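Structure below is coords-v4.txt: compact mmCIF, C-alpha atoms.
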# COMPACT_ATOMS: atom_id res chain seq x y z
CA MET B 1 -6.31 -18.60 28.52
CA SER B 2 -3.78 -19.81 31.01
CA SER B 3 -0.41 -18.14 31.31
CA ILE B 4 1.22 -21.33 30.04
CA ASP B 5 -0.46 -21.67 26.66
CA ALA B 6 -1.04 -17.95 25.91
CA PRO B 7 2.48 -17.16 24.55
CA THR B 8 2.41 -20.24 22.31
CA LEU B 9 -1.04 -19.36 20.98
CA TRP B 10 -0.11 -15.76 20.21
CA LEU B 11 3.12 -16.89 18.53
CA LEU B 12 1.14 -19.24 16.28
CA ILE B 13 -1.39 -16.52 15.48
CA TRP B 14 1.43 -14.10 14.62
CA THR B 15 3.17 -16.71 12.41
CA PHE B 16 0.07 -17.60 10.40
CA ASN B 17 -0.96 -13.94 10.17
CA ASN B 18 2.48 -12.97 8.88
CA MET B 19 2.39 -15.69 6.23
CA GLY B 20 -1.19 -14.81 5.28
CA VAL B 21 -0.45 -11.12 4.80
CA THR B 22 2.59 -11.93 2.66
CA LEU B 23 0.61 -14.29 0.42
CA ILE B 24 -2.37 -11.94 0.07
CA ASN B 25 -0.10 -8.98 -0.73
CA LYS B 26 1.71 -11.06 -3.34
CA TRP B 27 -1.67 -12.04 -4.81
CA ALA B 28 -2.70 -8.37 -4.93
CA PHE B 29 0.49 -7.40 -6.79
CA LYS B 30 0.52 -10.33 -9.21
CA GLU B 31 -3.10 -11.26 -9.91
CA VAL B 32 -5.00 -8.03 -9.24
CA LYS B 33 -2.19 -5.94 -10.76
CA PHE B 34 -2.37 -3.59 -7.77
CA HIS B 35 1.15 -2.20 -8.10
CA TYR B 36 0.83 0.35 -5.31
CA PRO B 37 2.72 -1.06 -2.29
CA ILE B 38 2.82 2.19 -0.32
CA PHE B 39 -0.92 2.78 -0.68
CA LEU B 40 -1.49 -0.85 0.34
CA SER B 41 0.60 -0.15 3.44
CA PHE B 42 -1.61 2.89 4.12
CA VAL B 43 -4.65 0.59 4.04
CA HIS B 44 -2.92 -1.71 6.56
CA MET B 45 -2.21 1.16 8.95
CA LEU B 46 -5.70 2.61 8.53
CA CYS B 47 -7.21 -0.77 9.45
CA ASN B 48 -4.88 -0.98 12.47
CA SER B 49 -5.96 2.50 13.58
CA VAL B 50 -9.66 1.68 13.26
CA GLY B 51 -9.20 -1.72 14.92
CA SER B 52 -7.37 -0.30 17.94
CA GLU B 53 -9.99 2.43 18.36
CA LEU B 54 -12.76 -0.18 18.24
CA ILE B 55 -10.99 -2.10 21.01
CA PHE B 56 -10.75 1.03 23.17
CA TRP B 57 -14.39 1.87 22.44
CA SER B 58 -15.39 -1.62 23.58
CA LEU B 59 -13.34 -1.26 26.78
CA ARG B 60 -14.88 2.15 27.53
CA ARG B 61 -18.33 0.64 27.05
CA ASP B 62 -17.50 -2.18 29.50
CA GLU B 63 -16.27 0.37 32.05
CA ALA B 64 -19.46 2.40 31.68
CA ARG B 65 -21.57 -0.70 32.26
CA LEU B 66 -19.52 -1.55 35.33
CA LYS B 67 -20.09 1.92 36.80
CA GLN B 68 -23.82 1.67 36.13
CA ARG B 69 -24.06 -1.66 37.94
CA GLN B 70 -21.93 -1.00 40.98
CA GLY B 71 -21.88 -3.92 43.37
CA GLU B 72 -22.83 -6.44 40.70
CA GLU B 73 -20.32 -8.98 39.49
CA LEU B 74 -20.12 -8.71 35.69
CA PRO B 75 -18.34 -11.19 33.41
CA VAL B 76 -15.04 -10.05 31.92
CA GLY B 77 -15.39 -8.99 28.29
CA ILE B 78 -13.91 -11.15 25.54
CA ILE B 79 -11.30 -8.51 24.64
CA GLN B 80 -9.90 -8.40 28.17
CA ARG B 81 -9.96 -12.20 28.36
CA TRP B 82 -7.80 -12.37 25.23
CA LEU B 83 -5.62 -9.28 25.58
CA GLY B 84 -5.51 -8.72 29.33
CA LYS B 85 -6.05 -5.39 31.06
CA ILE B 86 -5.43 -2.52 28.67
CA GLU B 87 -4.85 1.01 29.91
CA ARG B 88 -4.36 4.11 27.81
CA ARG B 89 -1.21 5.88 28.96
CA ASP B 90 -0.15 9.45 28.32
CA LEU B 91 3.40 9.80 27.03
CA ASP B 92 5.96 12.37 28.16
CA SER B 93 8.15 14.24 25.68
CA LYS B 94 10.75 11.47 25.59
CA GLY B 95 8.05 8.87 25.05
CA ARG B 96 6.54 10.89 22.19
CA ARG B 97 9.95 11.18 20.50
CA LEU B 98 10.47 7.43 20.81
CA LEU B 99 6.98 6.84 19.46
CA TRP B 100 7.61 9.11 16.47
CA MET B 101 10.90 7.33 15.65
CA PHE B 102 9.21 3.96 16.10
CA SER B 103 6.40 4.98 13.72
CA VAL B 104 8.95 5.99 11.07
CA ILE B 105 10.74 2.63 11.35
CA PHE B 106 7.39 0.84 11.32
CA THR B 107 6.22 2.78 8.25
CA LEU B 108 9.40 2.20 6.26
CA ASN B 109 9.47 -1.49 7.23
CA ILE B 110 5.96 -2.16 5.92
CA ALA B 111 6.31 0.04 2.83
CA ILE B 112 9.67 -1.40 1.76
CA GLY B 113 8.51 -4.93 2.62
CA ASN B 114 5.54 -4.53 0.28
CA VAL B 115 7.77 -3.04 -2.42
CA SER B 116 10.18 -5.99 -2.15
CA LEU B 117 7.37 -8.49 -2.86
CA ARG B 118 7.17 -7.11 -6.39
CA PHE B 119 10.72 -8.27 -7.12
CA VAL B 120 11.23 -11.50 -5.12
CA SER B 121 9.33 -14.73 -4.57
CA VAL B 122 7.37 -15.41 -1.39
CA ASN B 123 9.76 -18.29 -0.58
CA PHE B 124 12.80 -16.04 -0.71
CA ASN B 125 10.98 -13.40 1.31
CA GLN B 126 10.15 -15.90 4.08
CA VAL B 127 13.71 -17.24 4.25
CA MET B 128 15.08 -13.72 4.62
CA ARG B 129 12.46 -12.82 7.24
CA SER B 130 13.59 -15.76 9.34
CA LEU B 131 16.84 -13.84 9.88
CA VAL B 132 15.02 -11.06 11.77
CA PRO B 133 15.42 -12.62 15.27
CA GLY B 134 19.17 -12.99 14.73
CA LEU B 135 19.52 -9.41 13.52
CA ALA B 136 17.42 -8.18 16.44
CA ILE B 137 19.81 -9.92 18.85
CA LEU B 138 22.76 -8.33 17.03
CA PHE B 139 21.22 -4.85 17.14
CA GLY B 140 20.46 -5.36 20.82
CA ARG B 141 24.12 -6.19 21.45
CA PHE B 142 25.13 -2.91 19.82
CA LEU B 143 22.82 -1.11 22.24
CA GLY B 144 24.38 -2.88 25.20
CA LYS B 145 21.59 -5.41 25.78
CA SER B 146 22.70 -8.86 26.87
CA THR B 147 21.22 -11.99 25.28
CA SER B 148 21.42 -15.49 26.71
CA TYR B 149 23.42 -18.12 24.87
CA ASN B 150 20.31 -20.31 24.63
CA LYS B 151 18.44 -17.62 22.68
CA VAL B 152 21.30 -17.26 20.21
CA ILE B 153 21.42 -21.03 19.65
CA ALA B 154 17.62 -21.19 19.30
CA VAL B 155 17.72 -18.81 16.31
CA ILE B 156 19.89 -21.17 14.22
CA PRO B 157 17.39 -24.05 13.76
CA VAL B 158 14.66 -21.50 12.97
CA VAL B 159 16.63 -20.12 10.03
CA ILE B 160 17.63 -23.60 8.83
CA GLY B 161 14.07 -24.89 9.17
CA VAL B 162 12.54 -22.03 7.19
CA ALA B 163 15.21 -22.34 4.50
CA MET B 164 14.56 -26.09 4.14
CA SER B 165 10.78 -25.68 3.99
CA CYS B 166 10.99 -22.85 1.43
CA PHE B 167 13.75 -24.36 -0.70
CA GLY B 168 12.72 -24.66 -4.32
CA GLU B 169 11.22 -21.99 -6.53
CA MET B 170 13.04 -18.98 -5.14
CA TYR B 171 13.78 -16.05 -7.41
CA MET B 172 14.92 -12.50 -6.90
CA THR B 173 16.31 -9.51 -8.72
CA ALA B 174 19.25 -7.42 -7.53
CA LEU B 175 16.84 -4.61 -6.64
CA GLY B 176 14.55 -7.07 -4.87
CA PHE B 177 17.46 -8.44 -2.84
CA PHE B 178 18.42 -4.90 -1.78
CA TYR B 179 14.86 -4.06 -0.75
CA THR B 180 14.47 -7.35 1.14
CA VAL B 181 17.74 -6.88 3.09
CA LEU B 182 16.73 -3.32 3.94
CA CYS B 183 13.31 -4.60 5.00
CA ILE B 184 14.67 -7.23 7.42
CA CYS B 185 17.08 -4.69 8.91
CA LEU B 186 14.17 -2.34 9.53
CA ALA B 187 12.11 -5.25 10.92
CA ALA B 188 14.92 -6.07 13.38
CA GLY B 189 15.12 -2.39 14.34
CA LYS B 190 11.36 -2.42 14.85
CA VAL B 191 11.69 -5.38 17.23
CA VAL B 192 14.31 -3.56 19.31
CA ALA B 193 12.34 -0.28 19.30
CA SER B 194 9.06 -1.98 20.22
CA GLY B 195 10.85 -3.76 23.06
CA GLU B 196 11.87 -0.37 24.43
CA MET B 197 8.31 0.93 24.19
CA LEU B 198 6.75 -2.19 25.73
CA THR B 199 9.26 -2.93 28.50
CA GLY B 200 11.20 0.31 29.00
CA SER B 201 10.16 3.29 31.08
CA ASN B 202 6.87 3.66 29.16
CA LYS B 203 5.72 0.03 29.48
CA LEU B 204 2.85 0.41 27.03
CA HIS B 205 0.40 -2.40 26.39
CA PRO B 206 0.82 -3.70 22.78
CA VAL B 207 -2.68 -2.49 21.83
CA ASP B 208 -1.99 0.91 23.42
CA LEU B 209 1.26 1.14 21.45
CA LEU B 210 -0.65 0.29 18.27
CA GLY B 211 -3.28 2.90 19.09
CA HIS B 212 -0.60 5.58 19.52
CA MET B 213 1.51 4.56 16.55
CA ALA B 214 -0.92 3.46 13.79
CA PRO B 215 -2.49 6.92 13.18
CA LEU B 216 1.00 8.43 12.81
CA ALA B 217 2.01 5.66 10.42
CA SER B 218 -1.23 6.12 8.44
CA VAL B 219 -0.45 9.80 7.85
CA GLN B 220 3.14 8.97 6.89
CA MET B 221 2.00 6.24 4.46
CA ALA B 222 -0.59 8.56 2.89
CA ALA B 223 2.04 11.27 2.39
CA LEU B 224 4.51 8.80 0.84
CA SER B 225 1.83 7.41 -1.47
CA LEU B 226 0.85 10.91 -2.55
CA LEU B 227 4.45 12.01 -3.18
CA SER B 228 5.31 8.84 -5.11
CA GLY B 229 2.43 9.37 -7.54
CA GLU B 230 0.53 6.25 -6.50
CA VAL B 231 -2.63 8.16 -5.58
CA TYR B 232 -2.64 10.05 -8.88
CA GLU B 233 -2.26 6.82 -10.85
CA LEU B 234 -4.98 5.09 -8.83
CA VAL B 235 -7.45 7.93 -9.39
CA TYR B 236 -6.73 8.85 -13.00
CA GLU B 237 -5.04 5.89 -14.70
CA ARG B 238 -6.63 2.77 -13.18
CA PRO B 239 -10.42 3.03 -13.61
CA ASP B 240 -10.46 -0.77 -14.10
CA LEU B 241 -9.86 -1.21 -10.36
CA ARG B 242 -13.21 0.49 -9.67
CA GLU B 243 -15.18 -1.57 -12.19
CA SER B 244 -15.24 -4.69 -10.01
CA TRP B 245 -15.58 -5.52 -6.32
CA TYR B 246 -12.82 -8.14 -6.58
CA PRO B 247 -9.78 -5.79 -6.30
CA PHE B 248 -11.44 -3.90 -3.44
CA CYS B 249 -12.15 -7.15 -1.55
CA VAL B 250 -8.56 -8.40 -1.96
CA ILE B 251 -7.13 -5.10 -0.70
CA MET B 252 -9.49 -4.99 2.28
CA VAL B 253 -8.74 -8.62 3.24
CA SER B 254 -5.05 -7.74 3.13
CA GLY B 255 -5.66 -4.73 5.39
CA LEU B 256 -7.79 -6.66 7.86
CA CYS B 257 -5.15 -9.39 8.18

In structure tokens, what does this structure look like?
Amino acid sequence: MSSIDAPTLWLLIWTFNNMGVTLINKWAFKEVKFHYPIFLSFVHMLCNSVGSELIFWSLRRDEARLKQRQGEELPVGIIQRWLGKIERRDLDSKGRRLLWMFSVIFTLNIAIGNVSLRFVSVNFNQVMRSLVPGLAILFGRFLGKSTSYNKVIAVIPVVIGVAMSCFGEMYMTALGFFYTVLCICLAAGKVVASGEMLTGSNKLHPVDLLGHMAPLASVQMAALSLLSGEVYELVYERPDLRESWYPFCVIMVSGLC
């Protein structure tokens, strides 16, 4: 991929992935009756952990092959062609504190986002999510980060465009509105925090950041699901979910997205 079209491609992939996850999660809550948003978030983080480890395993295998065939010119693996050069970096104490705080924000953002889908329509959820870039700019201003005027102006048509495309069957409850607002605030905070991890003193590769953060978030999600009673209900009160492959497939597709 050339440096010109790569950002556009990744932005499109992120957009469609974001919409797909929202729709599949909504389907899981409504049609499969899987009313366990925190456990669903745990599945997401577990899949992220496994996926990042598979990427690092593939890179280690490529490095081993390169060492075995010194002097030979080997083709670049598909992962490096798509994601660029990925290096695992060790974090200092400050970096580990930032990572822990980032994982908490990340965990709460996904968990509360999944909870909000039980009380609001997908259309309303997407309109509210379109406000995240604007909130991220605002949070950045509070932290002393400057933002160009062009970026601020660019956010306005995005919000208007999403609102126009989603206008129609939008519904929400007061509790759903609260959860959704809290979710987009956490999402904006996640954008600012990830920016610090990716471009600050640590300068982690996005996959490296995911590899560091996803296991922490998985443990946090599992603990929240256990404390909220979701695991108990899944094991003892919902045997119907284990009688068919359909619920399992929907949940796994959601996690893999």

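Of the residues listed (B:Leu175, B:Leu204, B:Leu99, B:Met128), B:Met128 shows the shortest atom-to-atom separation from B:Ile160; distances use only C-alpha atoms.
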
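Across the model, the gap from atom CA of B:Val21 to atom CA of B:Val155 is 22.8 Å.
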
How far is it from atom CA of B:Lys145 to atom CA of B:His205, in Å with one decimal?
-> 21.4 Å

Skip stretch 214-228 of chain B itself and residues of its chain fewer than 6 positions away, then list as a VMD selection string all residues within 8 Å of it, counting all atoms listed in the file.
-> chain B and resid 38 to 39 41 to 43 45 to 46 48 to 49 100 103 to 104 106 to 107 111

So which residues touch stretch 233-242 of chain B within 12 Å, counting all atoms listed in the file, skipping near sequence neighbours fewer than 3 positions away, as number ranges by chain?
-> B: 28, 32-40, 225-230, 245-251

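Separating atom CA of B:Ala193 from atom CA of B:Pro133 is a distance of 13.3 Å.
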
What lies within 9 Å of B:Tyr179 using all atoms listed in the file, ignoring chain neighbours under 6 positions off, as an NGL selection string?
-> :B and (112-113 or 115-117 or 119)
